[in-house]
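Have a look at the structure below before the remarks.
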Amino acid sequence: MVRVPALIALSLAAAAVAFPSYQSLAGLSRKELDNVLPMLVHRSPESPPGPLSDTSAKLVNDKAHPWEPLRPGDIRGPCPGLNTLASHGWLPRNGIATPAQIVNAVQEGFNMGNDIAVFVTYAAFLVDGNLITNRMSIGGKTPLTGPDPPPPAIVGGLDTHAVFEGDASMTRGDAFFGDNHSFNETQFDEFSSFSQRFGAGKYNLTVASEFRFQRIQESIATNPNFSFVSPRYFTAYAESVFPLLFFVDGRVENAELDMDVARGFFQNSQMPTDFFRANQSFGLNAVGEGIGIIFEPHPIQPGANQGVNNFVFDPTSANLSQFCLLYTNFANKTVRSLYPSPTGNLLSAVKTNLDFFFSPLKNQGCTQVFPFGE
């Protein structure tokens, strides 16, 4: 049985050094930083919320959080969960949020465990957010997160390819084909077909395993640039688990997802009428267990295409049993390379957010590293 300790969160955020065009305040020289930082309104990082005191099922599509259609300028991105929380007002409806707001929303709206909520959010924020203004877009690039640093650095938001978003998505297309964040009807139809074939019309762990493998094989066969290495290697399996934990009404005991409900979340960013969140908090261990179940029937190791239908194993990528290596590489290599010479408020923000990022791992057997000093 594959060991999947607190593994999936980094996958949702850890940027690879190989994507220099998608950096926030990263990659700037000392002179460029000196010119940019004074233009940004500094907001000190706020501590992430702690665990919920009440983790019971409760109505979350309530009078205080009704679904509303998008207004001009509202931003949505590749994550159906965050999109839905924004459309119901658990997050700011414009799609711009602080890390603490995101942690609070996924806990209150979905009953996501505090450990995975904090780890995922702060990993994503360190890569895609504006560390000076403490704002991040749940979709694409926007001036609403604050003034942009000069090229080549940008504040990319969660649409950034191969960071939060990646190839072989369940309901979004590969970036190679042009749109990596919008709902894809063809892929949802395939998702529904697999749910009919393997789940009697419902999405469950059996369907998740078969459909995850199918999406990987399709990308191998059609996308010459298909990449399935860390972090996307983990993201793909995690996104297969999340709908079963967070999109199924908490009063339903069989943990199977109805197709009409699935379409509401994936396409319309909308909870069903009278929707109750999960009846318990699901954290790193629960998600890791689900990933292991999905992985076992069709194990595939990290790798990438070298041309269509030529998938080559990559021994340098972390696999599902190397979580601490993922964390260490993220902190010492990715973050360090993206912020080579931070000073002042930026240095303080990087260090503080790295501390927040590590905080859920204190009991996971990993040792904290300090690439910018303690």
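By order in the structure tokens, chains are A, B, ...; within a chain, residues start at 1; ligands start at 1, following the order shown.
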Mind running segment 227-270 of chain A against segment 193-203 of chain A at 8 Å and telling me each contacting residue's nearest atom pair with the distance in Å (one decimal), counting only C-alpha atoms, chain and number ascending, as a tab-separated table?
```
residue	atom	partner	partner_atom	distance
A:Leu244	CA	A:Tyr203	CA	7.7
A:Glu256	CA	A:Tyr203	CA	5.5
A:Leu257	CA	A:Tyr203	CA	4.9
A:Asp258	CA	A:Lys202	CA	5.2
A:Met259	CA	A:Lys202	CA	6.5
```
Pick from A:Ala331, A:Ile138, A:Ala318, A:Leu85 nearest to His181 of chain A, counting only C-alpha atoms
A:Ile138
Residues near Phe246 of chain A, cut-off 7 Å, only C-alpha atoms, skip fewer than 6 positions along chain, as an NGL selection string
:A and (110 or 277-278)
Write a file of the just-selected residues containing all heavy atoms, as a tab-separated table (two decimals), in the first residue's frame.
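Done, and the output landed in again29.tsv:
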```tsv
chain	number	residue	atom	x	y	z
A	110	PHE	N	-16.64	24.18	3.79
A	110	PHE	CA	-16.52	22.78	3.40
A	110	PHE	C	-16.13	21.85	4.54
A	110	PHE	O	-16.14	20.64	4.36
A	110	PHE	CB	-15.48	22.64	2.28
A	110	PHE	CG	-15.90	23.21	0.96
A	110	PHE	CD1	-14.98	23.88	0.17
A	110	PHE	CD2	-17.19	23.07	0.49
A	110	PHE	CE1	-15.35	24.41	-1.07
A	110	PHE	CE2	-17.59	23.59	-0.73
A	110	PHE	CZ	-16.65	24.26	-1.51
A	277	ARG	N	-22.50	21.25	4.72
A	277	ARG	CA	-21.10	20.88	4.59
A	277	ARG	C	-20.89	19.49	5.20
A	277	ARG	O	-21.77	18.91	5.85
A	277	ARG	CB	-20.21	21.90	5.29
A	277	ARG	CG	-20.29	21.83	6.80
A	277	ARG	CD	-19.44	22.89	7.49
A	277	ARG	NE	-19.42	22.67	8.94
A	277	ARG	CZ	-18.91	23.51	9.81
A	277	ARG	NH1	-18.38	24.66	9.40
A	277	ARG	NH2	-18.90	23.22	11.11
A	278	ALA	N	-19.68	18.94	5.01
A	278	ALA	CA	-19.34	17.62	5.54
A	278	ALA	C	-19.62	17.52	7.04
A	278	ALA	O	-19.56	18.52	7.76
A	278	ALA	CB	-17.87	17.31	5.27
```
For atom CA of Ser47 of chain A and atom CA of Thr352 of chain A, quote the distance in Å rounded to one decimal.
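That distance, rounded to one decimal, is 9.1 Å.
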Please identify all polymer residues within 6 Å of segment 125-134 of chain A, counting only C-alpha atoms, omitting same-chain residues fewer than 2 positions from it, and present them as a ChimeraX atom specification.
/A:24,41-43,98,122-123,136,155-157
So that I can check the surroundings of Asn180 of chain A, please list as a list in words every protein, DNA and RNA residue that reaches within 12 Å of it, counting only C-alpha atoms and ignoring chain neighbours fewer than 4 positions away.
Gly77, Pro78, Cys79, Gly139, Gly140, Leu158, Asp159, Thr160, His161, Ala162, Val163, Phe164, Glu165, Gly166, Asp167, Ala168, Ser169, Met170, Thr171, Arg172, Gly173, Asp174, Ala175, Phe176 and Asn184 of chain A
Please identify the strand (DSSP E or B) residues within segment 37-213 of chain A (assignment by DSSP from backbone atoms) and present them as a list in words.
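The residues of segment 37-213 of chain A classed as strand (DSSP E or B) are Leu59, Ile96, Ala97, Met112, Asn130, Arg135, Met136, Ser137, His161, Glu165, Lys202 and Tyr203 of chain A.
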Length of the atom CA of Pro48 of chain A to atom CA of Val106 of chain A vector [Å]:
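Between atom CA of Pro48 of chain A and atom CA of Val106 of chain A the gap is 12.2 Å.
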